[in-house]
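Colleague: Data file my_file-v5.cif (mmCIF, C-alpha atoms) is appended below.
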data_protein
#
loop_
_atom_site.group_PDB
_atom_site.id
_atom_site.type_symbol
_atom_site.label_atom_id
_atom_site.label_comp_id
_atom_site.auth_asym_id
_atom_site.auth_seq_id
_atom_site.Cartn_x
_atom_site.Cartn_y
_atom_site.Cartn_z
ATOM 1 C CA MET A 743 117.844 117.649 101.944
ATOM 2 C CA GLN A 744 120.304 115.447 100.086
ATOM 3 C CA THR A 745 120.544 115.657 96.298
ATOM 4 C CA LEU A 746 121.466 112.557 94.327
ATOM 5 C CA ILE A 747 122.467 112.236 90.665
ATOM 6 C CA SER A 748 121.103 109.407 88.555
ATOM 7 C CA PRO A 749 121.926 108.882 84.843
ATOM 8 C CA ALA A 750 119.016 106.525 84.237
ATOM 9 C CA SER A 751 116.000 108.798 84.497
ATOM 10 C CA PRO A 752 113.251 109.373 81.913
ATOM 11 C CA PHE A 753 113.952 113.096 82.223
ATOM 12 C CA ILE A 754 117.096 112.637 80.119
ATOM 13 C CA SER A 755 115.052 112.887 76.924
ATOM 14 C CA LEU A 756 111.962 114.739 78.133
ATOM 15 C CA CYS A 757 113.427 117.954 79.523
ATOM 16 C CA LYS A 758 116.089 120.230 78.089
ATOM 17 C CA THR A 759 117.840 123.328 79.399
ATOM 18 C CA ALA A 760 119.657 126.123 77.624
ATOM 19 C CA THR A 761 123.055 125.038 78.967
ATOM 20 C CA PRO A 762 123.095 121.240 79.266
ATOM 21 C CA LYS A 763 125.987 119.555 81.008
ATOM 22 C CA PRO A 764 127.759 116.979 78.821
ATOM 23 C CA LEU A 765 126.965 113.434 79.882
ATOM 24 C CA VAL A 766 129.107 110.481 78.824
ATOM 25 C CA VAL A 767 126.664 107.916 77.465
ATOM 26 C CA PRO A 768 127.591 104.592 75.842
ATOM 27 C CA ILE A 769 125.382 104.137 72.774
ATOM 28 C CA ALA A 770 124.537 101.324 70.393
ATOM 29 C CA ILE A 771 122.539 102.322 67.306
ATOM 30 C CA ASN A 772 121.139 99.602 65.037
ATOM 31 C CA PHE A 773 120.294 100.617 61.490
ATOM 32 C CA PRO A 774 117.754 98.635 59.420
ATOM 33 C CA HIS A 775 119.220 95.566 57.700
ATOM 34 C CA ASN A 776 118.027 96.758 54.288
ATOM 35 C CA SER A 777 119.865 100.038 54.694
ATOM 36 C CA SER A 778 123.210 100.696 53.054
ATOM 37 C CA SER A 779 124.310 101.975 56.455
ATOM 38 C CA SER A 780 123.432 98.699 58.184
ATOM 39 C CA ARG A 781 125.826 98.442 61.082
ATOM 40 C CA THR A 782 126.115 98.996 64.826
ATOM 41 C CA ILE A 783 127.952 102.044 66.038
ATOM 42 C CA LYS A 784 129.394 101.919 69.528
ATOM 43 C CA ASN A 785 130.983 105.017 70.923
ATOM 44 C CA GLN A 786 131.310 107.305 73.919
ATOM 45 C CA LEU A 787 129.235 110.451 73.479
ATOM 46 C CA PHE A 788 130.955 113.664 74.562
ATOM 47 C CA ALA A 789 129.498 116.380 72.316
ATOM 48 C CA ASN A 790 125.946 117.666 72.285
ATOM 49 C CA SER A 791 125.009 115.541 69.273
ATOM 50 C CA ILE A 792 126.368 113.147 66.666
ATOM 51 C CA SER A 793 124.889 113.365 63.165
ATOM 52 C CA MET A 794 125.328 110.317 60.972
ATOM 53 C CA ALA A 795 125.047 109.803 57.214
ATOM 54 C CA SER A 796 121.597 108.277 57.572
ATOM 55 C CA GLY A 797 120.305 111.376 59.321
ATOM 56 C CA ALA A 798 120.055 109.792 62.783
ATOM 57 C CA THR A 799 120.991 112.131 65.629
ATOM 58 C CA VAL A 800 121.799 111.279 69.225
ATOM 59 C CA GLU A 801 121.787 114.119 71.748
ATOM 60 C CA THR A 802 123.320 114.478 75.154
ATOM 61 C CA ALA A 803 121.204 115.735 78.025
ATOM 62 C CA THR A 804 121.561 117.221 81.457
ATOM 63 C CA ALA A 805 122.024 114.573 84.130
ATOM 64 C CA PRO A 806 118.885 114.376 86.292
ATOM 65 C CA LYS A 807 119.032 114.840 90.035
ATOM 66 C CA TRP A 808 117.030 113.743 93.051
ATOM 67 C CA ALA A 809 116.272 115.349 96.398
ATOM 68 C CA GLN A 810 114.175 114.089 99.303
ATOM 69 C CA LYS A 811 112.966 115.419 102.629
ATOM 70 C CA THR A 812 110.464 114.345 105.269
ATOM 71 C CA VAL A 813 108.165 117.176 106.345
ATOM 72 C CA THR A 814 106.411 116.873 109.705
ATOM 73 C CA ILE A 815 103.002 118.538 109.939
ATOM 74 C CA PRO A 816 101.964 119.378 113.529
ATOM 75 C CA ALA A 817 98.827 117.684 114.847
ATOM 76 C CA GLN A 818 95.699 119.191 113.301
ATOM 77 C CA LYS A 819 92.082 119.028 114.344
ATOM 78 C CA ARG A 820 89.812 116.715 112.404
ATOM 79 C CA GLY A 821 89.057 118.170 108.980
ATOM 80 C CA CYS A 822 90.790 119.349 105.805
ATOM 81 C CA HIS A 823 93.800 121.644 106.082
ATOM 82 C CA LEU A 824 95.735 123.657 103.506
ATOM 83 C CA ILE A 825 99.445 122.809 103.856
ATOM 84 C CA THR A 826 100.934 124.210 100.637
ATOM 85 C CA SER A 827 102.901 126.960 102.374
ATOM 86 C CA ARG A 828 104.242 124.538 104.976
ATOM 87 C CA ILE A 829 105.510 122.165 102.291
ATOM 88 C CA LEU A 830 107.072 124.977 100.258
ATOM 89 C CA LYS A 831 108.799 126.380 103.332
ATOM 90 C CA GLU A 832 110.515 123.045 103.891
ATOM 91 C CA ILE A 833 111.501 122.244 100.292
ATOM 92 C CA GLY A 834 111.739 125.698 98.709
ATOM 93 C CA GLN A 835 115.522 125.915 98.520
ATOM 94 C CA ASP A 836 115.905 122.520 96.847
ATOM 95 C CA LEU A 837 112.873 123.074 94.632
ATOM 96 C CA SER A 838 114.423 126.247 93.209
ATOM 97 C CA GLU A 839 117.264 124.189 91.711
ATOM 98 C CA PHE A 840 114.947 122.251 89.373
ATOM 99 C CA LYS A 841 113.975 123.622 85.966
ATOM 100 C CA CYS A 842 111.767 120.696 84.980
ATOM 101 C CA GLY A 843 110.652 117.653 86.928
ATOM 102 C CA LEU A 844 108.174 116.097 89.320
ATOM 103 C CA ALA A 845 107.478 116.447 93.025
ATOM 104 C CA HIS A 846 106.051 113.368 94.723
ATOM 105 C CA LEU A 847 104.420 113.607 98.151
ATOM 106 C CA PHE A 848 103.804 110.485 100.226
ATOM 107 C CA LEU A 849 101.928 110.428 103.542
ATOM 108 C CA HIS A 850 103.107 107.936 106.184
ATOM 109 C CA HIS A 851 99.684 107.268 107.705
ATOM 110 C CA THR A 852 96.475 105.258 107.249
ATOM 111 C CA SER A 853 94.018 107.563 109.004
ATOM 112 C CA ALA A 854 94.755 110.766 107.087
ATOM 113 C CA SER A 855 95.028 111.609 103.398
ATOM 114 C CA LEU A 856 96.396 114.026 100.809
ATOM 115 C CA THR A 857 94.531 115.711 97.991
ATOM 116 C CA ILE A 858 94.671 118.828 95.803
ATOM 117 C CA ASN A 859 91.731 121.199 95.852
ATOM 118 C CA GLU A 860 90.549 124.788 96.426
ATOM 119 C CA ASN A 861 93.145 127.021 98.094
ATOM 120 C CA TYR A 862 91.055 130.157 98.623
ATOM 121 C CA ASP A 863 87.656 129.614 100.213
ATOM 122 C CA SER A 864 87.860 127.662 103.486
ATOM 123 C CA ASP A 865 84.186 126.729 103.070
ATOM 124 C CA VAL A 866 85.301 124.189 100.471
ATOM 125 C CA ARG A 867 87.375 122.395 103.090
ATOM 126 C CA ASP A 868 84.509 122.494 105.593
ATOM 127 C CA ASP A 869 82.049 121.176 103.009
ATOM 128 C CA THR A 870 84.431 118.381 102.049
ATOM 129 C CA GLU A 871 84.627 117.282 105.682
ATOM 130 C CA THR A 872 80.818 117.339 105.855
ATOM 131 C CA PHE A 873 80.638 115.192 102.729
ATOM 132 C CA LEU A 874 83.104 112.628 104.089
ATOM 133 C CA ASN A 875 81.211 112.333 107.370
ATOM 134 C CA ARG A 876 77.928 111.741 105.567
ATOM 135 C CA VAL A 877 79.334 109.190 103.132
ATOM 136 C CA VAL A 878 81.170 107.164 105.791
ATOM 137 C CA PRO A 879 78.907 106.456 108.799
ATOM 138 C CA GLU A 880 80.295 106.601 112.307
ATOM 139 C CA GLY A 881 79.068 105.649 115.761
ATOM 140 C CA MET A 882 77.406 102.701 117.466
ATOM 141 C CA SER A 883 75.041 102.081 114.545
ATOM 142 C CA ALA A 884 77.869 101.847 111.993
ATOM 143 C CA PRO A 885 78.615 98.316 110.699
ATOM 144 C CA TRP A 886 82.373 98.394 111.335
ATOM 145 C CA LYS A 887 84.237 95.627 113.195
ATOM 146 C CA HIS A 888 87.518 97.526 113.541
ATOM 147 C CA THR A 889 86.853 99.871 116.467
ATOM 148 C CA LEU A 890 89.968 99.302 118.582
ATOM 149 C CA GLU A 891 90.711 103.014 118.844
ATOM 150 C CA GLY A 892 87.188 104.360 118.976
ATOM 151 C CA PRO A 893 84.226 104.952 116.658
ATOM 152 C CA ASP A 894 86.278 107.180 114.332
ATOM 153 C CA ASP A 895 88.911 104.463 113.800
ATOM 154 C CA MET A 896 87.552 102.508 110.833
ATOM 155 C CA PRO A 897 85.908 105.540 109.185
ATOM 156 C CA ALA A 898 89.334 107.217 109.194
ATOM 157 C CA HIS A 899 90.869 104.279 107.313
ATOM 158 C CA ILE A 900 88.103 104.325 104.708
ATOM 159 C CA LYS A 901 88.412 108.081 104.164
ATOM 160 C CA SER A 902 92.175 107.719 103.814
ATOM 161 C CA SER A 903 91.692 105.234 100.977
ATOM 162 C CA MET A 904 89.105 107.466 99.303
ATOM 163 C CA PHE A 905 91.546 110.363 98.830
ATOM 164 C CA GLY A 906 94.799 108.406 98.951
ATOM 165 C CA CYS A 907 98.172 109.021 100.542
ATOM 166 C CA SER A 908 100.232 110.390 97.634
ATOM 167 C CA LEU A 909 100.356 113.235 95.125
ATOM 168 C CA THR A 910 102.493 113.992 92.064
ATOM 169 C CA ILE A 911 102.938 117.623 90.994
ATOM 170 C CA PRO A 912 104.963 118.946 88.028
ATOM 171 C CA ILE A 913 107.920 121.248 88.650
ATOM 172 C CA THR A 914 108.554 124.148 86.277
ATOM 173 C CA ASN A 915 111.327 126.713 86.722
ATOM 174 C CA GLY A 916 111.813 126.045 90.407
ATOM 175 C CA LYS A 917 108.136 126.081 91.371
ATOM 176 C CA LEU A 918 105.289 123.618 91.831
ATOM 177 C CA ASN A 919 103.276 124.006 88.638
ATOM 178 C CA MET A 920 99.754 124.021 90.078
ATOM 179 C CA GLY A 921 96.687 125.952 89.003
ATOM 180 C CA THR A 922 95.896 129.363 90.464
ATOM 181 C CA TRP A 923 93.248 128.005 92.820
ATOM 182 C CA GLN A 924 94.886 124.681 93.634
ATOM 183 C CA GLY A 925 96.412 123.879 96.999
ATOM 184 C CA ILE A 926 97.764 120.838 98.827
ATOM 185 C CA TRP A 927 95.419 119.537 101.512
ATOM 186 C CA LEU A 928 96.135 117.315 104.474
ATOM 187 C CA CYS A 929 92.855 115.687 105.467
ATOM 188 C CA GLU A 930 92.883 114.613 109.100
ATOM 189 C CA HIS A 931 90.318 111.890 109.790
ATOM 190 C CA ARG A 932 90.925 111.251 113.492
ATOM 191 C CA ASP A 933 89.516 113.105 116.495
ATOM 192 C CA ALA A 934 92.731 112.693 118.505
ATOM 193 C CA ALA A 935 95.264 113.489 115.809
ATOM 194 C CA THR A 936 99.031 113.120 115.957
ATOM 195 C CA PRO A 937 101.751 114.862 113.906
ATOM 196 C CA ARG A 938 101.776 113.632 110.315
ATOM 197 C CA LYS A 939 104.847 112.939 108.176
ATOM 198 C CA VAL A 940 104.976 113.665 104.449
ATOM 199 C CA VAL A 941 107.953 112.458 102.396
ATOM 200 C CA VAL A 942 108.639 114.850 99.518
ATOM 201 C CA THR A 943 110.769 113.526 96.651
ATOM 202 C CA LEU A 944 111.980 115.803 93.847
ATOM 203 C CA ASN A 945 113.255 114.453 90.531
ATOM 204 C CA GLY A 946 114.242 116.316 87.397
ATOM 205 C CA ILE A 947 116.839 118.648 85.924
#
Will you turn the file into structure tokens for me?
Modeller:
Amino acid sequence: MQTLISPASPFISLCKTATPKPLVVPIAINFPHNSSSSRTIKNQLFANSISMASGATVETATAPKWAQKTVTIPAQKRGCHLITSRILKEIGQDLSEFKCGLAHLFLHHTSASLTINENYDSDVRDDTETFLNRVVPEGMSAPWKHTLEGPDDMPAHIKSSMFGCSLTIPITNGKLNMGTWQGIWLCEHRDAATPRKVVVTLNGI
């Protein structure tokens, strides 16, 4: 996984670490016109902060970084599958380098979906599949026109849109900051499934 550095991320001001790396930042600070300190200060910032007579303070921050990897999930049977461990196995080393940030997962397909739900009882996944099949009709009596790849074709597209193809999860101290009972699901909506690709993008400090 390749890590990229970008100085223009919102994490510059949102996340701090105990030992920030100095970042050279050109600044322009405008004081109110009715202030005795009305002027524009332009400078290159090298220290951790600059305190001015008016009390304004500008702080440096750790430069954010990016990392990205495509994870291939082997073909699964139709239904909902817990893939948290598979994702962590692929991104764990890079994930450990982030103290604070976001992990974004994007699925490259229109007949499967991603969601976050129960990670313990497999009955929840089975019941979710039952729910989807009851909500979205399938078969000869279904009203769908798009049946090029079989009766499960259009229902798979609808189910994909119901759950969506992306997730965003916070990163804290090198780990995905999810609840105790939360897990990442890949929901496979086709009978004849193929391997699925998930692009994982990490951003933070």
Colleague: Step by step, work through what the PyMOL selection byres ((chain A and resi 894) around 12) selects in the shown file, and finish by giving those residues as number ranges by chain.
Modeller: A: 820, 853-854, 875, 878-882, 884, 886-893, 895-901, 930-935
Colleague: Mind giving me the straight-line distance from atom CA of Gly921 of chain A to atom CA of Ser827 of chain A in Å, one decimal?
Modeller: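 Going from atom CA of Gly921 of chain A over to atom CA of Ser827 of chain A, I get 14.8 Å.
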Colleague: Residue by residue, what does the PyMOL selection byres ((chain A and resi 911) around 10) grab here? Present the result as number ranges by chain.
Modeller: A: 843-847, 858, 909-910, 912-914, 917-920, 926, 944
Colleague: Using only C-alpha atoms, pick whichever of A:Pro885, A:Gly821, A:Gly906, A:Gly916 has the shortest atom-to-atom distance to Ile947 of chain A.
Modeller: A:Gly916
Colleague: Let me know the residues the PyMOL selection byres ((chain A and resi 942) around 10) catches in the file above, as a VMD selection string.
Modeller: chain A and resid 743 809 to 813 829 832 to 833 845 to 849 908 to 910 939 to 941 943 to 944
Colleague: To one decimal in Å, tell me the separation between atom CA of Trp808 of chain A and atom CA of Phe840 of chain A.
Modeller: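 Between these atoms lies a distance of 9.5 Å.
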Colleague: In Å, rounded to a single decimal, give me how far atom CA of Thr852 of chain A is from atom CA of Ile825 of chain A.
Modeller: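 Atom CA of Thr852 of chain A lies at a distance of 18.1 Å from atom CA of Ile825 of chain A.
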Colleague: With a distance cut-off of 9 Å and all atoms listed in the file, select the neighbouring residues of segment 861-871 of chain A, excluding the residue or stretch itself and same-chain residues fewer than 5 positions from it, and output the selection as a PyMOL selection string.
Modeller: chain A and resi 820-824+826+876+922-927+929+931
Colleague: Enumerate, as a PDB file with C-alpha atoms, in the frame of the given file, the protein, DNA and RNA residues whose atoms approach (95.5, 111.9, 100.2) to within 6 Å, taking into account all atoms listed in the file and the coordinate frame of the file.
Modeller:
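See part.pdb below for the written result:
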ATOM      1  CA  SER A 855      95.028 111.609 103.398  1.00  0.00           C
ATOM      2  CA  LEU A 856      96.396 114.026 100.809  1.00  0.00           C
ATOM      3  CA  THR A 857      94.531 115.711  97.991  1.00  0.00           C
ATOM      4  CA  PHE A 905      91.546 110.363  98.830  1.00  0.00           C
ATOM      5  CA  GLY A 906      94.799 108.406  98.951  1.00  0.00           C
ATOM      6  CA  CYS A 907      98.172 109.021 100.542  1.00  0.00           C
ATOM      7  CA  SER A 908     100.232 110.390  97.634  1.00  0.00           C
TER       8      SER A 908
END
Colleague: When you count all atoms listed in the file, which of these residues is closest to Cys842 of chain A: A:Asn915, A:Leu928, A:Arg938, A:Glu860?
Modeller: A:Asn915
Colleague: May I ask you to restore N, CA and C atoms in segment 886-905 of chain A and write the result as a PDB file, in the coordinates of the input?
Modeller:
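The resulting file, result_25.pdb, is shown below:
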ATOM      1  N   TRP A 886      80.955  98.724 111.327  1.00  0.00           N
ATOM      2  CA  TRP A 886      82.373  98.394 111.335  1.00  0.00           C
ATOM      3  C   TRP A 886      82.773  97.465 112.481  1.00  0.00           C
ATOM      4  N   LYS A 887      83.684  96.533 112.186  1.00  0.00           N
ATOM      5  CA  LYS A 887      84.237  95.627 113.195  1.00  0.00           C
ATOM      6  C   LYS A 887      85.491  96.222 113.845  1.00  0.00           C
ATOM      7  N   HIS A 888      86.245  96.975 113.063  1.00  0.00           N
ATOM      8  CA  HIS A 888      87.518  97.526 113.541  1.00  0.00           C
ATOM      9  C   HIS A 888      87.252  98.822 114.312  1.00  0.00           C
ATOM     10  N   THR A 889      87.128  98.702 115.617  1.00  0.00           N
ATOM     11  CA  THR A 889      86.853  99.871 116.467  1.00  0.00           C
ATOM     12  C   THR A 889      87.805  99.917 117.661  1.00  0.00           C
ATOM     13  N   LEU A 890      89.012  99.400 117.481  1.00  0.00           N
ATOM     14  CA  LEU A 890      89.968  99.302 118.582  1.00  0.00           C
ATOM     15  C   LEU A 890      90.305 100.657 119.186  1.00  0.00           C
ATOM     16  N   GLU A 891      90.316 101.689 118.368  1.00  0.00           N
ATOM     17  CA  GLU A 891      90.711 103.014 118.844  1.00  0.00           C
ATOM     18  C   GLU A 891      89.544 103.993 118.858  1.00  0.00           C
ATOM     19  N   GLY A 892      88.340 103.478 118.891  1.00  0.00           N
ATOM     20  CA  GLY A 892      87.188 104.360 118.976  1.00  0.00           C
ATOM     21  C   GLY A 892      86.321 104.328 117.731  1.00  0.00           C
ATOM     22  N   PRO A 893      85.175 104.984 117.777  1.00  0.00           N
ATOM     23  CA  PRO A 893      84.226 104.952 116.658  1.00  0.00           C
ATOM     24  C   PRO A 893      84.726 105.643 115.395  1.00  0.00           C
ATOM     25  N   ASP A 894      85.746 106.503 115.525  1.00  0.00           N
ATOM     26  CA  ASP A 894      86.278 107.180 114.332  1.00  0.00           C
ATOM     27  C   ASP A 894      87.424 106.399 113.692  1.00  0.00           C
ATOM     28  N   ASP A 895      87.761 105.238 114.255  1.00  0.00           N
ATOM     29  CA  ASP A 895      88.911 104.463 113.800  1.00  0.00           C
ATOM     30  C   ASP A 895      88.733 103.946 112.372  1.00  0.00           C
ATOM     31  N   MET A 896      87.758 103.077 112.166  1.00  0.00           N
ATOM     32  CA  MET A 896      87.552 102.508 110.833  1.00  0.00           C
ATOM     33  C   MET A 896      87.121 103.557 109.808  1.00  0.00           C
ATOM     34  N   PRO A 897      86.238 104.492 110.150  1.00  0.00           N
ATOM     35  CA  PRO A 897      85.908 105.540 109.185  1.00  0.00           C
ATOM     36  C   PRO A 897      87.139 106.305 108.698  1.00  0.00           C
ATOM     37  N   ALA A 898      88.116 106.505 109.591  1.00  0.00           N
ATOM     38  CA  ALA A 898      89.334 107.217 109.194  1.00  0.00           C
ATOM     39  C   ALA A 898      90.112 106.429 108.144  1.00  0.00           C
ATOM     40  N   HIS A 899      90.168 105.110 108.298  1.00  0.00           N
ATOM     41  CA  HIS A 899      90.869 104.279 107.313  1.00  0.00           C
ATOM     42  C   HIS A 899      90.171 104.329 105.949  1.00  0.00           C
ATOM     43  N   ILE A 900      88.855 104.286 105.967  1.00  0.00           N
ATOM     44  CA  ILE A 900      88.103 104.325 104.708  1.00  0.00           C
ATOM     45  C   ILE A 900      88.303 105.663 104.001  1.00  0.00           C
ATOM     46  N   LYS A 901      88.226 106.748 104.750  1.00  0.00           N
ATOM     47  CA  LYS A 901      88.412 108.081 104.164  1.00  0.00           C
ATOM     48  C   LYS A 901      89.829 108.241 103.606  1.00  0.00           C
ATOM     49  N   SER A 902      90.797 107.654 104.295  1.00  0.00           N
ATOM     50  CA  SER A 902      92.175 107.719 103.814  1.00  0.00           C
ATOM     51  C   SER A 902      92.309 107.066 102.442  1.00  0.00           C
ATOM     52  N   SER A 903      91.632 105.926 102.268  1.00  0.00           N
ATOM     53  CA  SER A 903      91.692 105.234 100.977  1.00  0.00           C
ATOM     54  C   SER A 903      90.911 105.976  99.896  1.00  0.00           C
ATOM     55  N   MET A 904      89.896 106.717 100.282  1.00  0.00           N
ATOM     56  CA  MET A 904      89.105 107.466  99.303  1.00  0.00           C
ATOM     57  C   MET A 904      89.947 108.543  98.620  1.00  0.00           C
ATOM     58  N   PHE A 905      90.721 109.289  99.391  1.00  0.00           N
ATOM     59  CA  PHE A 905      91.546 110.363  98.830  1.00  0.00           C
ATOM     60  C   PHE A 905      92.956 109.894  98.489  1.00  0.00           C
TER      61      PHE A 905
END
